[in-house]
Amino acid sequence: MAAPLRDILQEVFDRLFSAYGPQNWWPAESSFEVLVGAVLVQNTNWKNVERAIRNLKKAGYLEPEKLYHLPEEELAELIRPAGYFRVKARRLKNLLRLLLEKYGGSLARMFRQQPQKLRHELLQIKGIGPETADSILLYAGHIPTFVVDTYTYRVMSRHGWAPFDSDYYSLKELFEANLRPDPQLYNEYHALFVQVGKKHCRTVPRCEGCPLAAMLPPEGPLRPEW
DNA sequence: TGCCAGGCCGGGT
DNA sequence: ACCCGGCATGGC
């Protein structure tokens, strides 16, 4: 009889935290910078995002009003290093429209909204999906909502703790049902998943030296690409 | 030197 | 309801 998921998730966290320590996420100087970074980092290396944000900062545009009024083409040029720069310029504009028109450019005002309603509003925006929305809520708003990403899928399914075809919400629920709703815990947990995933999920042999290797099933279900 | 990165959307079955 | 191509730069 297997251990309860609560215990497993606790052990996973403990092992990752022991191995890597606090990750100090989100790497940003302001909550607005978190918003911008959350869009820019979609399917993109964080290093590239840093360059893009540096450009915005250097040009003095890393403020809601200024960024909102910057023409989309100019915005695109500044964020070029982040990749998908035309798409992301559009997506940023869409997000800024909500922030400016509904909340007067004030993040404090935005996060005063009921989390569920705000989450729904964010998901209405073209270019904001579940992970980006949850990242904004957690890392900019300190709202205890669990952020799932590809590494979460890989680790959880690889270990047999979730089906390979889990969708975003089932995984999110799995964590939120088994962890106390603590923004600091969710913050660290997600960041640690990214860390372990980057280090091990694509290396060969994949699980060599992984802090979670001891928790692998004897004959784990394998997906060659994961 | 290819392969990959902290997704999401839209169009086609 | 899926499935898939498109989007793009820079690092290793």
# chains A, B, ... in the order shown; residues from 1 in each chain; ligands from 1
call {"tool": "interface_residues", "arguments": {"of": "chain A", "to": "chain B", "cutoff": "9 Å", "atoms": "only C-alpha atoms (C1' of nucleotides)", "output": "list in words"}}
result
Ala38, Val39, Val41, Gln42, Asn43, Thr44, Asn45, Trp46, Lys126, Gly127, Ile128, Gly129, Glu131, Thr132, Asp149, Thr150, Tyr151, Ala191 and Val194 of chain A
call {"tool": "interface_residues", "arguments": {"of": "chain C", "to": "chain A", "cutoff": "7 Å", "atoms": "only C-alpha atoms (C1' of nucleotides)", "output": "ChimeraX atom specification"}}
result
/C:7-10
call {"tool": "write_last_selection", "arguments": {"atoms": "C-alpha atoms (C1' of nucleotides)", "output": "short mmCIF file (atom, residue, chain, number, x, y, z; two decimals), in the first residue's frame"}}
result
data_model
loop_
_atom_site.label_atom_id
_atom_site.label_comp_id
_atom_site.auth_asym_id
_atom_site.auth_seq_id
_atom_site.Cartn_x
_atom_site.Cartn_y
_atom_site.Cartn_z
"C1'" DC C 7 5.74 31.86 -33.12
"C1'" DA C 8 11.91 33.28 -32.59
"C1'" DT C 9 15.99 34.40 -30.00
"C1'" DG C 10 20.27 33.01 -27.73
#
call {"tool": "atom_distance", "arguments": {"atom1": "CA of Tyr68 (chain A)", "atom2": "CA of Val147 (chain A)"}}
result
26.5 Å
call {"tool": "select_by_dssp", "arguments": {"residues": "region 2-222 of chain A", "states": "helix (DSSP H, G or I)", "output": "VMD selection string"}}
result
chain A and resid 5 to 20 31 to 40 46 to 58 64 to 69 72 to 78 80 to 82 85 to 103 107 to 112 115 to 124 130 to 140 150 to 158 168 to 178 183 to 201 213 to 215
call {"tool": "residues_around", "arguments": {"residues": "Phe146 (chain A)", "least_positions_apart": "4", "cutoff": "9 Å", "atoms": "only C-alpha atoms (C1' of nucleotides)", "output": "number ranges by chain"}}
result
A: 134-135, 138, 172-173, 175-176, 181, 183, 186-187, 189-190
call {"tool": "residues_around", "arguments": {"residues": "region 112-114 of chain A", "least_positions_apart": "5", "cutoff": "12 Å", "atoms": "only C-alpha atoms (C1' of nucleotides)", "output": "mmCIF file with N, CA and C atoms, in the first residue's frame"}}
result
data_model
loop_
_atom_site.group_PDB
_atom_site.id
_atom_site.type_symbol
_atom_site.label_atom_id
_atom_site.label_comp_id
_atom_site.auth_asym_id
_atom_site.auth_seq_id
_atom_site.Cartn_x
_atom_site.Cartn_y
_atom_site.Cartn_z
ATOM 1 N N LEU A 99 -4.905 45.955 -16.933
ATOM 2 C CA LEU A 99 -4.307 46.643 -15.788
ATOM 3 C C LEU A 99 -4.620 48.132 -15.790
ATOM 4 N N LYS A 102 -8.927 48.793 -16.234
ATOM 5 C CA LYS A 102 -9.802 48.365 -15.136
ATOM 6 C C LYS A 102 -9.245 48.743 -13.767
ATOM 7 N N TYR A 103 -7.918 48.777 -13.639
ATOM 8 C CA TYR A 103 -7.328 49.012 -12.324
ATOM 9 C C TYR A 103 -6.448 50.255 -12.269
ATOM 10 N N SER A 106 -2.719 50.211 -11.302
ATOM 11 C CA SER A 106 -2.272 49.881 -9.948
ATOM 12 C C SER A 106 -2.364 48.383 -9.666
ATOM 13 N N LEU A 107 -1.206 47.770 -9.445
ATOM 14 C CA LEU A 107 -1.207 46.341 -9.124
ATOM 15 C C LEU A 107 -1.894 46.085 -7.796
ATOM 16 N N ARG A 119 -8.318 35.743 -11.529
ATOM 17 C CA ARG A 119 -7.791 34.638 -12.323
ATOM 18 C C ARG A 119 -8.612 34.479 -13.600
ATOM 19 N N HIS A 120 -9.914 34.553 -13.436
ATOM 20 C CA HIS A 120 -10.801 34.439 -14.597
ATOM 21 C C HIS A 120 -10.553 35.575 -15.588
ATOM 22 N N GLU A 121 -10.403 36.776 -15.070
ATOM 23 C CA GLU A 121 -10.135 37.927 -15.933
ATOM 24 C C GLU A 121 -8.833 37.743 -16.706
ATOM 25 N N LEU A 122 -7.826 37.263 -16.015
ATOM 26 C CA LEU A 122 -6.534 37.068 -16.678
ATOM 27 C C LEU A 122 -6.656 36.032 -17.787
ATOM 28 N N LEU A 137 -0.519 35.591 -10.284
ATOM 29 C CA LEU A 137 -1.220 35.577 -8.992
ATOM 30 C C LEU A 137 -0.274 35.216 -7.853
ATOM 31 N N GLY A 141 1.218 38.618 -6.821
ATOM 32 C CA GLY A 141 0.149 38.913 -5.876
ATOM 33 C C GLY A 141 0.224 38.144 -4.574
ATOM 34 N N HIS A 142 1.168 37.202 -4.490
ATOM 35 C CA HIS A 142 1.338 36.386 -3.279
ATOM 36 C C HIS A 142 0.055 35.673 -2.897
ATOM 37 N N ILE A 143 -0.682 35.275 -3.906
ATOM 38 C CA ILE A 143 -1.907 34.511 -3.688
ATOM 39 C C ILE A 143 -1.561 33.026 -3.781
#
call {"tool": "atom_distance", "arguments": {"atom1": "CA of Val155 (chain A)", "atom2": "CA of Ala2 (chain A)"}}
result
17.6 Å
call {"tool": "atom_distance", "arguments": {"atom1": "CA of Ala140 (chain A)", "atom2": "CA of Arg6 (chain A)"}}
result
26.7 Å
call {"tool": "residues_around", "arguments": {"residues": "Pro71 (chain A)", "least_positions_apart": "4", "cutoff": "12 Å", "atoms": "only C-alpha atoms (C1' of nucleotides)", "output": "NGL selection string"}}
result
:A and (61 or 66-67 or 75-78 or 86 or 89-90 or 92-93)
call {"tool": "write_last_selection", "arguments": {"atoms": "N, CA and C atoms", "output": "compact mmCIF listing (two decimals), in the first residue's frame"}}
result
# COMPACT_ATOMS: atom_id res chain seq x y z
N TYR A 61 11.03 52.13 -19.78
CA TYR A 61 9.63 51.80 -20.08
C TYR A 61 9.02 50.79 -19.12
N LYS A 66 3.81 53.89 -19.06
CA LYS A 66 4.75 54.08 -20.16
C LYS A 66 4.71 52.91 -21.13
N LEU A 67 4.66 51.71 -20.59
CA LEU A 67 4.66 50.54 -21.45
C LEU A 67 3.36 50.45 -22.24
N LEU A 75 7.78 48.29 -28.81
CA LEU A 75 7.83 47.31 -27.74
C LEU A 75 8.44 46.01 -28.24
N ALA A 76 7.98 45.57 -29.40
CA ALA A 76 8.47 44.32 -29.97
C ALA A 76 9.98 44.36 -30.15
N GLU A 77 10.50 45.47 -30.66
CA GLU A 77 11.94 45.58 -30.87
C GLU A 77 12.72 45.45 -29.56
N LEU A 78 12.19 46.08 -28.52
CA LEU A 78 12.88 46.06 -27.23
C LEU A 78 12.91 44.66 -26.63
N ARG A 86 7.00 39.45 -31.58
CA ARG A 86 5.78 40.13 -32.05
C ARG A 86 4.56 39.62 -31.29
N ALA A 89 4.68 41.01 -27.74
CA ALA A 89 4.34 42.43 -27.66
C ALA A 89 2.83 42.57 -27.62
N ARG A 90 2.15 41.81 -28.48
CA ARG A 90 0.70 41.83 -28.50
C ARG A 90 0.13 41.37 -27.16
N LEU A 92 1.53 41.32 -24.20
CA LEU A 92 1.77 42.30 -23.14
C LEU A 92 0.77 43.43 -23.20
N LYS A 93 0.54 43.91 -24.42
CA LYS A 93 -0.45 44.98 -24.59
C LYS A 93 -1.81 44.55 -24.07
call {"tool": "decode", "arguments": {"residues": "chain C", "atoms": "C-alpha atoms (C1' of nucleotides)", "output": "short mmCIF file (atom, residue, chain, number, x, y, z; two decimals), in the first residue's frame"}}
result
data_model
loop_
_atom_site.label_atom_id
_atom_site.label_comp_id
_atom_site.auth_asym_id
_atom_site.auth_seq_id
_atom_site.Cartn_x
_atom_site.Cartn_y
_atom_site.Cartn_z
"C1'" DA C 1 -12.69 16.96 -28.46
"C1'" DC C 2 -8.11 16.43 -29.88
"C1'" DC C 3 -3.95 17.42 -32.72
"C1'" DC C 4 -0.66 20.25 -34.82
"C1'" DG C 5 1.92 24.04 -36.73
"C1'" DG C 6 3.36 28.69 -35.80
"C1'" DC C 7 5.74 31.86 -33.12
"C1'" DA C 8 11.91 33.28 -32.59
"C1'" DT C 9 15.99 34.40 -30.00
"C1'" DG C 10 20.27 33.01 -27.73
"C1'" DG C 11 22.75 29.33 -24.84
"C1'" DC C 12 24.98 25.09 -24.49
#
